[in-house]
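S.K.: For reference, this is model-v5.pdb, and it has PDB, C-alpha atoms and all ligand atoms.
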ATOM      1  CA  MET A  78      16.879   7.983  32.702
ATOM      2  CA  LEU A  79      14.118   9.616  34.743
ATOM      3  CA  SER A  80      15.156  11.783  37.684
ATOM      4  CA  ASP A  81      13.861  10.949  41.168
ATOM      5  CA  ASP A  82      11.804  14.146  40.922
ATOM      6  CA  ASP A  83      10.228  12.965  37.659
ATOM      7  CA  VAL A  84       9.279   9.604  39.218
ATOM      8  CA  LYS A  85       7.813  11.366  42.238
ATOM      9  CA  TRP A  86       5.841  13.680  39.957
ATOM     10  CA  LEU A  87       4.539  10.733  37.885
ATOM     11  CA  GLU A  88       3.338   8.878  40.955
ATOM     12  CA  THR A  89       1.643  11.793  42.728
ATOM     13  CA  PRO A  90      -2.082  12.139  41.997
ATOM     14  CA  GLN A  91      -3.597  15.587  41.665
ATOM     15  CA  PRO A  92      -6.503  16.462  43.983
ATOM     16  CA  GLY A  93      -9.579  14.369  43.085
ATOM     17  CA  TRP A  94      -7.529  11.664  41.345
ATOM     18  CA  SER A  95      -7.179   8.047  42.515
ATOM     19  CA  ALA A  96      -4.218   5.950  41.402
ATOM     20  CA  LEU A  97      -5.113   2.842  39.369
ATOM     21  CA  ARG A  98      -3.214  -0.182  40.598
ATOM     22  CA  LEU A  99      -3.025  -2.035  37.308
ATOM     23  CA  PRO A 100      -2.149  -5.741  37.264
ATOM     24  CA  HIS A 101       1.120  -6.953  35.745
ATOM     25  CA  MET A 102      -0.770  -8.518  32.836
ATOM     26  CA  ILE A 103      -1.562  -4.994  31.644
ATOM     27  CA  LEU A 104       1.777  -3.408  32.463
ATOM     28  CA  GLU A 105       4.297  -6.058  31.393
ATOM     29  CA  ASP A 106       5.075  -6.027  27.694
ATOM     30  CA  SER A 107       2.385  -3.412  27.048
ATOM     31  CA  PHE A 108       3.400  -1.276  24.070
ATOM     32  CA  VAL A 109       2.530   1.915  25.938
ATOM     33  CA  SER A 110       3.058   1.047  29.616
ATOM     34  CA  GLY A 111       5.617  -1.778  29.385
ATOM     35  CA  ASP A 112       8.867   0.168  29.487
ATOM     36  CA  SER A 113      10.319   0.689  32.941
ATOM     37  CA  SER A 114      13.681   2.034  31.711
ATOM     38  CA  GLY A 115      12.494   5.635  31.389
ATOM     39  CA  ARG A 116      13.887   5.728  27.839
ATOM     40  CA  ARG A 117      10.576   5.500  26.049
ATOM     41  CA  LEU A 118       7.149   6.132  27.607
ATOM     42  CA  SER A 119       6.750   6.516  31.358
ATOM     43  CA  LEU A 120       3.093   6.555  32.432
ATOM     44  CA  ARG A 121       0.920   6.347  35.504
ATOM     45  CA  PHE A 122      -2.867   5.988  35.262
ATOM     46  CA  PHE A 123      -5.445   7.625  37.536
ATOM     47  CA  ARG A 124      -9.202   7.997  37.792
ATOM     48  CA  HIS A 125     -10.606  11.522  37.959
ATOM     49  CA  ASP A 126     -13.119  10.774  40.710
ATOM     50  CA  PRO A 127     -15.696  13.571  40.149
ATOM     51  CA  ASP A 128     -16.702  12.315  36.681
ATOM     52  CA  ARG A 129     -14.906   8.936  36.571
ATOM     53  CA  SER A 130     -12.916   9.892  33.516
ATOM     54  CA  LEU A 131      -9.313   8.848  33.064
ATOM     55  CA  ARG A 132      -6.151  10.799  33.717
ATOM     56  CA  ALA A 133      -2.574   9.774  33.079
ATOM     57  CA  LYS A 134       0.725  11.419  33.785
ATOM     58  CA  VAL A 135       3.281  10.763  31.081
ATOM     59  CA  ILE A 136       6.836  11.649  30.169
ATOM     60  CA  PHE A 137       8.048  10.988  26.622
ATOM     61  CA  GLY A 138      11.653   9.790  26.891
ATOM     62  CA  PRO A 139      14.457  10.071  24.297
ATOM     63  CA  GLY A 140      13.404   6.776  22.660
ATOM     64  CA  THR A 141      10.090   8.288  21.529
ATOM     65  CA  GLN A 142      11.793  10.853  19.326
ATOM     66  CA  GLY A 143      10.296  11.941  16.021
ATOM     67  CA  PRO A 144      11.372  15.473  15.054
ATOM     68  CA  PRO A 145      14.735  16.207  16.750
ATOM     69  CA  GLY A 146      14.169  16.756  20.482
ATOM     70  CA  HIS A 147      10.436  16.153  20.181
ATOM     71  CA  ALA A 148       7.996  13.244  20.439
ATOM     72  CA  HIS A 149       7.022  11.118  17.441
ATOM     73  CA  GLY A 150       3.371  11.567  16.438
ATOM     74  CA  GLY A 151       2.830   7.807  16.586
ATOM     75  CA  SER A 152       3.950   7.757  20.207
ATOM     76  CA  MET A 153       1.426  10.504  21.046
ATOM     77  CA  ALA A 154      -1.314   8.632  19.141
ATOM     78  CA  ALA A 155      -0.439   5.418  21.018
ATOM     79  CA  VAL A 156      -0.704   7.180  24.370
ATOM     80  CA  LEU A 157      -4.065   8.680  23.383
ATOM     81  CA  ASP A 158      -5.273   5.245  22.151
ATOM     82  CA  ASP A 159      -4.342   3.579  25.445
ATOM     83  CA  ALA A 160      -5.815   6.362  27.575
ATOM     84  CA  MET A 161      -9.052   6.545  25.574
ATOM     85  CA  GLY A 162      -9.390   2.740  25.640
ATOM     86  CA  GLY A 163      -8.689   2.821  29.370
ATOM     87  CA  ALA A 164     -11.420   5.458  29.849
ATOM     88  CA  ALA A 165     -13.927   3.122  28.149
ATOM     89  CA  TRP A 166     -12.820   0.142  30.259
ATOM     90  CA  MET A 167     -13.071   2.319  33.350
ATOM     91  CA  GLN A 168     -16.756   2.957  32.549
ATOM     92  CA  GLY A 169     -17.359  -0.803  32.273
ATOM     93  CA  HIS A 170     -17.009  -1.245  28.488
ATOM     94  CA  PRO A 171     -14.610  -4.063  27.492
ATOM     95  CA  VAL A 172     -13.510  -2.628  24.138
ATOM     96  CA  VAL A 173     -10.970  -2.592  21.358
ATOM     97  CA  ALA A 174     -10.242   0.359  19.083
ATOM     98  CA  ALA A 175     -11.890   0.457  15.647
ATOM     99  CA  GLU A 176     -11.044   3.979  14.547
ATOM    100  CA  LEU A 177      -8.736   6.667  15.877
ATOM    101  CA  THR A 178      -8.120  10.286  14.946
ATOM    102  CA  ALA A 179      -5.226  12.306  16.357
ATOM    103  CA  ARG A 180      -4.684  16.019  15.835
ATOM    104  CA  PHE A 181      -1.175  17.198  16.578
ATOM    105  CA  LYS A 182      -1.348  20.808  17.752
ATOM    106  CA  THR A 183       2.047  21.686  19.228
ATOM    107  CA  MET A 184       5.396  19.856  19.119
ATOM    108  CA  LEU A 185       6.015  18.032  22.387
ATOM    109  CA  PRO A 186       9.535  18.470  23.854
ATOM    110  CA  LEU A 187      11.108  15.196  25.056
ATOM    111  CA  GLY A 188      11.202  14.996  28.854
ATOM    112  CA  ALA A 189       8.260  17.381  29.364
ATOM    113  CA  ARG A 190       5.812  16.464  32.116
ATOM    114  CA  CYS A 191       2.445  15.851  30.441
ATOM    115  CA  VAL A 192      -1.099  14.969  31.472
ATOM    116  CA  VAL A 193      -3.589  12.955  29.416
ATOM    117  CA  GLU A 194      -7.320  13.369  29.932
ATOM    118  CA  ALA A 195      -9.778  10.899  28.351
ATOM    119  CA  TRP A 196     -13.519  10.580  28.678
ATOM    120  CA  VAL A 197     -16.404   8.630  27.143
ATOM    121  CA  SER A 198     -18.481  11.031  25.030
ATOM    122  CA  ALA A 199     -21.258   8.720  23.741
ATOM    123  CA  VAL A 200     -22.400   5.110  23.904
ATOM    124  CA  ASP A 201     -24.630   3.604  21.202
ATOM    125  CA  GLY A 202     -25.022  -0.147  21.571
ATOM    126  CA  ARG A 203     -21.554  -1.657  21.102
ATOM    127  CA  LYS A 204     -20.111   1.631  19.843
ATOM    128  CA  VAL A 205     -18.297   3.665  22.480
ATOM    129  CA  ARG A 206     -17.003   7.073  21.429
ATOM    130  CA  VAL A 207     -14.180   8.505  23.465
ATOM    131  CA  ALA A 208     -12.235  11.759  23.327
ATOM    132  CA  GLY A 209      -8.877  12.676  24.780
ATOM    133  CA  ARG A 210      -6.340  15.415  25.152
ATOM    134  CA  LEU A 211      -2.584  15.355  25.769
ATOM    135  CA  ARG A 212      -1.454  18.572  27.410
ATOM    136  CA  GLN A 213       1.328  20.216  29.334
ATOM    137  CA  GLY A 214       1.348  19.032  32.973
ATOM    138  CA  ASP A 215       1.707  22.491  34.491
ATOM    139  CA  GLY A 216       0.168  24.676  31.811
ATOM    140  CA  ASP A 217      -2.518  24.925  29.182
ATOM    141  CA  THR A 218      -0.547  24.023  26.062
ATOM    142  CA  VAL A 219      -2.296  21.191  24.208
ATOM    143  CA  PHE A 220       0.087  18.892  22.313
ATOM    144  CA  ALA A 221      -2.518  16.592  20.759
ATOM    145  CA  GLU A 222      -6.210  15.809  20.791
ATOM    146  CA  GLY A 223      -7.824  12.479  19.980
ATOM    147  CA  GLU A 224     -11.193  11.009  19.143
ATOM    148  CA  ALA A 225     -11.866   7.325  18.789
ATOM    149  CA  LEU A 226     -14.524   4.726  18.207
ATOM    150  CA  PHE A 227     -14.195   1.651  20.371
ATOM    151  CA  ILE A 228     -16.276  -1.501  19.968
ATOM    152  CA  THR A 229     -17.443  -3.584  22.900
ATOM    153  CA  LEU A 230     -16.558  -7.276  22.703
ATOM    154  CA  ASP A 231     -17.913 -10.244  24.599
ATOM    155  CA  PRO A 232     -16.081 -10.003  27.967
ATOM    156  CA  LYS A 233     -15.159 -13.706  27.653
ATOM    157  CA  LYS A 234     -12.805 -12.736  24.814
ATOM    158  CA  PHE A 235     -10.609 -10.917  27.333
ATOM    159  CA  GLY A 236     -10.366 -13.858  29.753
ATOM    160  CA  VAL A 237      -9.387 -12.868  33.255
ATOM    161  CA  LEU A 238      -8.792  -9.244  32.232
ATOM    162  CA  THR A 239     -12.460  -8.242  32.611
ATOM    163  CA  SER A 240     -12.729  -9.586  36.157
ATOM    164  CA  GLU A 241      -9.401  -7.901  36.992
ATOM    165  CA  ALA A 242     -10.788  -4.623  35.622
ATOM    166  CA  SER A 243     -13.941  -4.879  37.795
ATOM    167  CA  ARG A 244     -11.799  -5.645  40.819
ATOM    168  CA  ILE A 245      -9.591  -2.576  40.214
ATOM    169  CA  PHE A 246     -12.556  -0.239  39.889
ATOM    170  CA  SER A 247     -14.531  -1.626  42.827
ATOM    171  CA  GLU A 248     -11.412  -1.197  44.985
ATOM    172  CA  LEU A 249     -11.338   2.449  43.925
ATOM    173  CA  ASP A 250     -15.019   2.877  44.826
ATOM    174  CA  GLU A 251     -14.399   1.385  48.264
ATOM    175  CA  GLY A 252     -11.472   3.783  48.695
ATOM    176  CA  THR A 253     -13.420   6.911  47.755
ATOM    177  CA  SER A 254     -16.908   6.199  49.138
TER     178      SER A 254
HETATM  179  C1  LIG B 301      -7.754  -3.345  29.885
HETATM  180  C2  LIG B 301      -7.736  -3.058  31.263
HETATM  181  C3  LIG B 301      -8.698  -2.688  32.169
HETATM  182  C4  LIG B 301      -8.297  -1.600  33.040
HETATM  183  C5  LIG B 301      -8.231  -0.299  32.346
HETATM  184  C6  LIG B 301      -7.786   0.814  33.183
HETATM  185  C7  LIG B 301      -7.107   1.881  32.449
HETATM  186  C8  LIG B 301      -5.763   1.494  32.009
HETATM  187  C9  LIG B 301      -5.293   2.060  30.764
HETATM  188  C10 LIG B 301      -5.026   1.328  29.702
HETATM  189  C11 LIG B 301      -5.389  -0.092  29.537
HETATM  190  C12 LIG B 301      -5.364  -0.611  28.184
HETATM  191  C13 LIG B 301      -6.398  -0.095  27.274
HETATM  192  C14 LIG B 301      -6.185  -0.723  25.922
HETATM  193  C15 LIG B 301      -6.727   0.098  24.816
HETATM  194  C16 LIG B 301      -6.043  -0.259  23.537
HETATM  195  C17 LIG B 301      -7.004  -0.236  22.432
HETATM  196  C18 LIG B 301      -6.419  -0.844  21.191
HETATM  197  O1  LIG B 301      -5.538  -0.285  20.596
HETATM  198  S1  LIG B 301      -7.070  -2.337  20.706
HETATM  199  C19 LIG B 301      -6.038  -2.838  19.344
HETATM  200  C20 LIG B 301      -6.431  -2.227  18.023
HETATM  201  N1  LIG B 301      -7.742  -2.656  17.603
HETATM  202  C21 LIG B 301      -7.917  -3.827  16.998
HETATM  203  O2  LIG B 301      -7.016  -4.604  16.778
HETATM  204  C22 LIG B 301      -9.343  -4.134  16.582
HETATM  205  C23 LIG B 301      -9.389  -4.901  15.260
HETATM  206  N2  LIG B 301     -10.771  -4.933  14.772
HETATM  207  C24 LIG B 301     -11.658  -5.841  15.229
HETATM  208  O3  LIG B 301     -11.340  -6.708  16.041
HETATM  209  C25 LIG B 301     -13.050  -5.743  14.675
HETATM  210  O4  LIG B 301     -13.060  -5.069  13.452
HETATM  211  C26 LIG B 301     -14.019  -4.997  15.664
HETATM  212  C27 LIG B 301     -14.110  -5.771  16.989
HETATM  213  C28 LIG B 301     -13.567  -3.551  15.932
HETATM  214  C29 LIG B 301     -15.427  -4.942  15.053
HETATM  215  O5  LIG B 301     -15.748  -6.218  14.563
HETATM  216  P1  LIG B 301     -17.097  -6.977  14.931
HETATM  217  O6  LIG B 301     -17.226  -8.083  13.929
HETATM  218  O7  LIG B 301     -17.118  -7.346  16.372
HETATM  219  O8  LIG B 301     -18.245  -5.909  14.759
HETATM  220  P2  LIG B 301     -18.807  -5.188  13.418
HETATM  221  O9  LIG B 301     -20.165  -5.736  13.162
HETATM  222  O10 LIG B 301     -17.795  -5.207  12.305
HETATM  223  O11 LIG B 301     -18.907  -3.677  13.939
HETATM  224  C30 LIG B 301     -19.809  -3.295  14.962
HETATM  225  C31 LIG B 301     -20.292  -1.899  14.666
HETATM  226  O12 LIG B 301     -19.154  -1.011  14.683
HETATM  227  C32 LIG B 301     -18.977  -0.391  13.394
HETATM  228  N3  LIG B 301     -17.552  -0.311  13.078
HETATM  229  C33 LIG B 301     -16.653  -1.293  13.186
HETATM  230  N4  LIG B 301     -15.441  -0.870  12.807
HETATM  231  C34 LIG B 301     -15.589   0.421  12.436
HETATM  232  C35 LIG B 301     -14.717   1.404  11.967
HETATM  233  N5  LIG B 301     -13.394   1.170  11.799
HETATM  234  N6  LIG B 301     -15.208   2.647  11.719
HETATM  235  C36 LIG B 301     -16.519   2.930  11.895
HETATM  236  N7  LIG B 301     -17.414   2.013  12.350
HETATM  237  C37 LIG B 301     -16.958   0.788  12.613
HETATM  238  C38 LIG B 301     -19.698  -1.296  12.408
HETATM  239  O13 LIG B 301     -20.132  -0.588  11.267
HETATM  240  C39 LIG B 301     -20.867  -1.779  13.260
HETATM  241  O14 LIG B 301     -21.844  -0.762  13.300
HETATM  242  P3  LIG B 301     -23.437  -1.082  13.173
HETATM  243  O15 LIG B 301     -23.746  -1.947  14.384
HETATM  244  O16 LIG B 301     -23.594  -1.833  11.886
HETATM  245  O17 LIG B 301     -24.097   0.271  13.230
END
Starting from the coordinates I provided, produce the structure as structure tokens.
M.R.:
Amino acid sequence: MLSDDDVKWLETPQPGWSALRLPHMILEDSFVSGDSSGRRLSLRFFRHDPDRSLRAKVIFGPGTQGPPGHAHGGSMAAVLDDAMGGAAWMQGHPVVAAELTARFKTMLPLGARCVVEAWVSAVDGRKVRVAGRLRQGDGDTVFAEGEALFITLDPKKFGVLTSEASRIFSELDEGTS
């Protein structure tokens, strides 16, 4: 479904980005990242090294359709949710989402190459506020913006996932220091 060029684009970090090598437990069967057919969502996650925020490259395939030829709003909200949650995890907060707002600004054509940016905006005890933006990969058009409240849970609730997350991020630090 995806062209070889699309796959190459998805996998190529921009300057200052490090690829996140996520474990299979996150990728397999994940609602957002679990489809490898190219029909629905195709994503790759990165860390933006200068400020340790999250970036993702994403292509919305034909199976994400809402309005004819364009992405369903729920699929955009799901991508923002995952990316904003990932940004919190990346800063060491093991969280789940409590509240999510998405603003849909411009219809997103299926197959377009898109970039997601997500960053932690405030931390107050267990409350982690995160913002995000889904935009055109090679331009300034913003398709959707998101804001969310995530709540930190006891890391034990996530089992091996929290130690896997620390391992992923310390590997990145070793690679960039
Ligand atoms: C993971 C990998 C690591 C590597 C990452 C690398 C990047 C890769 C990228 C991607 C990875 C994947 C990333 C996944 C991200 C996905 C996120 C989701 O979609 S999670 C599923 C949907 N969310 C739920 O199903 C939660 C259901 N809700 C609950 O479980 C509870 O309600 C919970 C935990 C949210 C809160 O329950 P309580 O009992 O622990 O805490 P209480 O006391 O109720 O709340 C704590 C404080 O938060 C406020 N609060 C709670 N919910 C609120 C709400 N909805 N609105 C406003 N405030 C709220 C409360 O008022 C309270 O504030 P006061 O301390 O009193 O000031």
S.K.: Report as a PyMOL selection string which protein, DNA and RNA residues come within 7 Å of ligand LIG 301 (chain B), using only C-alpha atoms and all ligand atoms.
M.R.: chain A and resi 99+103+122+158-164+166-167+173-176+203-204+226-228+230+238-239+242
S.K.: Give me the residues near A:Leu187 as a PDB file with C-alpha atoms, keeping the file's coordinate frame, where near means some atom within 9 Å (using only C-alpha atoms) and where sequence neighbours in that chain fewer than 6 positions away do not count.
M.R.:
ATOM      1  CA  ILE A 136       6.836  11.649  30.169  1.00  0.00           C
ATOM      2  CA  PHE A 137       8.048  10.988  26.622  1.00  0.00           C
ATOM      3  CA  GLY A 138      11.653   9.790  26.891  1.00  0.00           C
ATOM      4  CA  PRO A 139      14.457  10.071  24.297  1.00  0.00           C
ATOM      5  CA  THR A 141      10.090   8.288  21.529  1.00  0.00           C
ATOM      6  CA  GLN A 142      11.793  10.853  19.326  1.00  0.00           C
ATOM      7  CA  GLY A 146      14.169  16.756  20.482  1.00  0.00           C
ATOM      8  CA  HIS A 147      10.436  16.153  20.181  1.00  0.00           C
ATOM      9  CA  ALA A 148       7.996  13.244  20.439  1.00  0.00           C
TER      10      ALA A 148
END
S.K.: Which of these, A:His101, A:Arg124, A:Lys85, A:Arg117, has the shortest distance to A:Gly188 once you count all atoms listed in the file?
M.R.: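 Distance minimum relative to A:Gly188 lands on A:Arg117.
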S.K.: In Å, how far is it from atom CA of A:Val84 to atom CA of A:Phe246?
M.R.: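 For atom CA of A:Val84 relative to atom CA of A:Phe246, the distance reads 24.0 Å.
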S.K.: Expressed in Å to a single decimal, how great is the separation between atom CA of A:Leu87 and atom CA of A:Ser119?
M.R.: 8.1 Å
S.K.: Which residue is closest to A:Gly150? Choose from A:Ser110, A:Ser243, A:Thr178, A:Ser95 and count all atoms listed in the file.
M.R.: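 Checking each of A:Ser110, A:Ser243, A:Thr178, A:Ser95 against A:Gly150, counting all atoms listed in the file, the winner is A:Thr178.
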S.K.: For A:Val219, find every residue with an atom within 9 Å (counting all atoms listed in the file), except residues of its own chain fewer than 5 positions away, and show them as a PDB file with C-alpha atoms, in the coordinates of the input.
M.R.:
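That gives us around14.pdb:
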ATOM      1  CA  PHE A 181      -1.175  17.198  16.578  1.00  0.00           C
ATOM      2  CA  LYS A 182      -1.348  20.808  17.752  1.00  0.00           C
ATOM      3  CA  THR A 183       2.047  21.686  19.228  1.00  0.00           C
ATOM      4  CA  ARG A 210      -6.340  15.415  25.152  1.00  0.00           C
ATOM      5  CA  LEU A 211      -2.584  15.355  25.769  1.00  0.00           C
ATOM      6  CA  ARG A 212      -1.454  18.572  27.410  1.00  0.00           C
ATOM      7  CA  GLN A 213       1.328  20.216  29.334  1.00  0.00           C
TER       8      GLN A 213
END
S.K.: Could you work out how far atom CA of A:Val192 lies from atom CA of A:Gly214, giving the answer in Å with one decimal?
M.R.: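 Rounded to one decimal, the two atoms are 5.0 Å apart.
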S.K.: Tell me, as a ChimeraX atom specification, which residues lie within 6 Å of A:Ala225, counting all atoms listed in the file; anything in the same chain fewer than 3 positions away does not count.
M.R.: /A:176-177,206-207
S.K.: Could you give me, as a PyMOL selection string, the residues that sit within 9 Å of (16.7, 12.0, 33.8) in the file's coordinates, counting all atoms listed in the file?
M.R.: chain A and resi 78-83+115+138+188
S.K.: Complete the atom set of stretch 175-191 of chain A to N, CA, C and O atoms and return it as a short mmCIF file (atom, residue, chain, number, x, y, z; two decimals), keeping the file's coordinate frame.
M.R.:
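The resulting file, rebuild-v6.cif, is reproduced below:
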data_model
loop_
_atom_site.label_atom_id
_atom_site.label_comp_id
_atom_site.auth_asym_id
_atom_site.auth_seq_id
_atom_site.Cartn_x
_atom_site.Cartn_y
_atom_site.Cartn_z
N ALA A 175 -11.54 0.68 17.05
CA ALA A 175 -11.89 0.46 15.65
C ALA A 175 -11.40 1.61 14.78
O ALA A 175 -11.01 1.41 13.64
N GLU A 176 -11.42 2.81 15.34
CA GLU A 176 -11.04 3.98 14.55
C GLU A 176 -10.47 5.04 15.48
O GLU A 176 -11.00 5.24 16.58
N LEU A 177 -9.43 5.70 15.01
CA LEU A 177 -8.74 6.67 15.88
C LEU A 177 -8.30 7.88 15.06
O LEU A 177 -7.73 7.73 13.98
N THR A 178 -8.60 9.06 15.58
CA THR A 178 -8.12 10.29 14.95
C THR A 178 -7.23 11.02 15.95
O THR A 178 -7.60 11.14 17.11
N ALA A 179 -6.08 11.49 15.49
CA ALA A 179 -5.23 12.31 16.36
C ALA A 179 -4.94 13.62 15.63
O ALA A 179 -4.67 13.62 14.43
N ARG A 180 -5.04 14.70 16.38
CA ARG A 180 -4.68 16.02 15.84
C ARG A 180 -3.48 16.52 16.62
O ARG A 180 -3.56 16.67 17.85
N PHE A 181 -2.40 16.75 15.92
CA PHE A 181 -1.18 17.20 16.58
C PHE A 181 -1.14 18.73 16.52
O PHE A 181 -1.11 19.31 15.44
N LYS A 182 -1.15 19.35 17.70
CA LYS A 182 -1.35 20.81 17.75
C LYS A 182 -0.05 21.57 17.99
O LYS A 182 0.13 22.66 17.48
N THR A 183 0.82 21.00 18.84
CA THR A 183 2.05 21.69 19.23
C THR A 183 3.12 20.62 19.41
O THR A 183 2.82 19.56 19.98
N MET A 184 4.34 20.85 18.94
CA MET A 184 5.40 19.86 19.12
C MET A 184 5.67 19.65 20.60
O MET A 184 5.68 20.61 21.38
N LEU A 185 5.88 18.38 20.96
CA LEU A 185 6.02 18.03 22.39
C LEU A 185 7.50 17.79 22.72
O LEU A 185 8.09 16.82 22.24
N PRO A 186 8.11 18.65 23.54
CA PRO A 186 9.54 18.47 23.85
C PRO A 186 9.77 17.20 24.68
O PRO A 186 9.04 16.94 25.64
N LEU A 187 10.77 16.41 24.29
CA LEU A 187 11.11 15.20 25.06
C LEU A 187 11.40 15.58 26.49
O LEU A 187 12.05 16.61 26.75
N GLY A 188 10.93 14.76 27.43
CA GLY A 188 11.20 15.00 28.85
C GLY A 188 10.17 15.88 29.53
O GLY A 188 10.18 16.01 30.75
N ALA A 189 9.26 16.49 28.74
CA ALA A 189 8.26 17.38 29.36
C ALA A 189 7.26 16.56 30.18
O ALA A 189 6.93 15.44 29.82
N ARG A 190 6.83 17.13 31.28
CA ARG A 190 5.81 16.46 32.12
C ARG A 190 4.44 16.75 31.51
O ARG A 190 4.06 17.92 31.37
N CYS A 191 3.72 15.69 31.15
CA CYS A 191 2.44 15.85 30.44
C CYS A 191 1.32 15.14 31.18
O CYS A 191 1.55 14.18 31.93
#
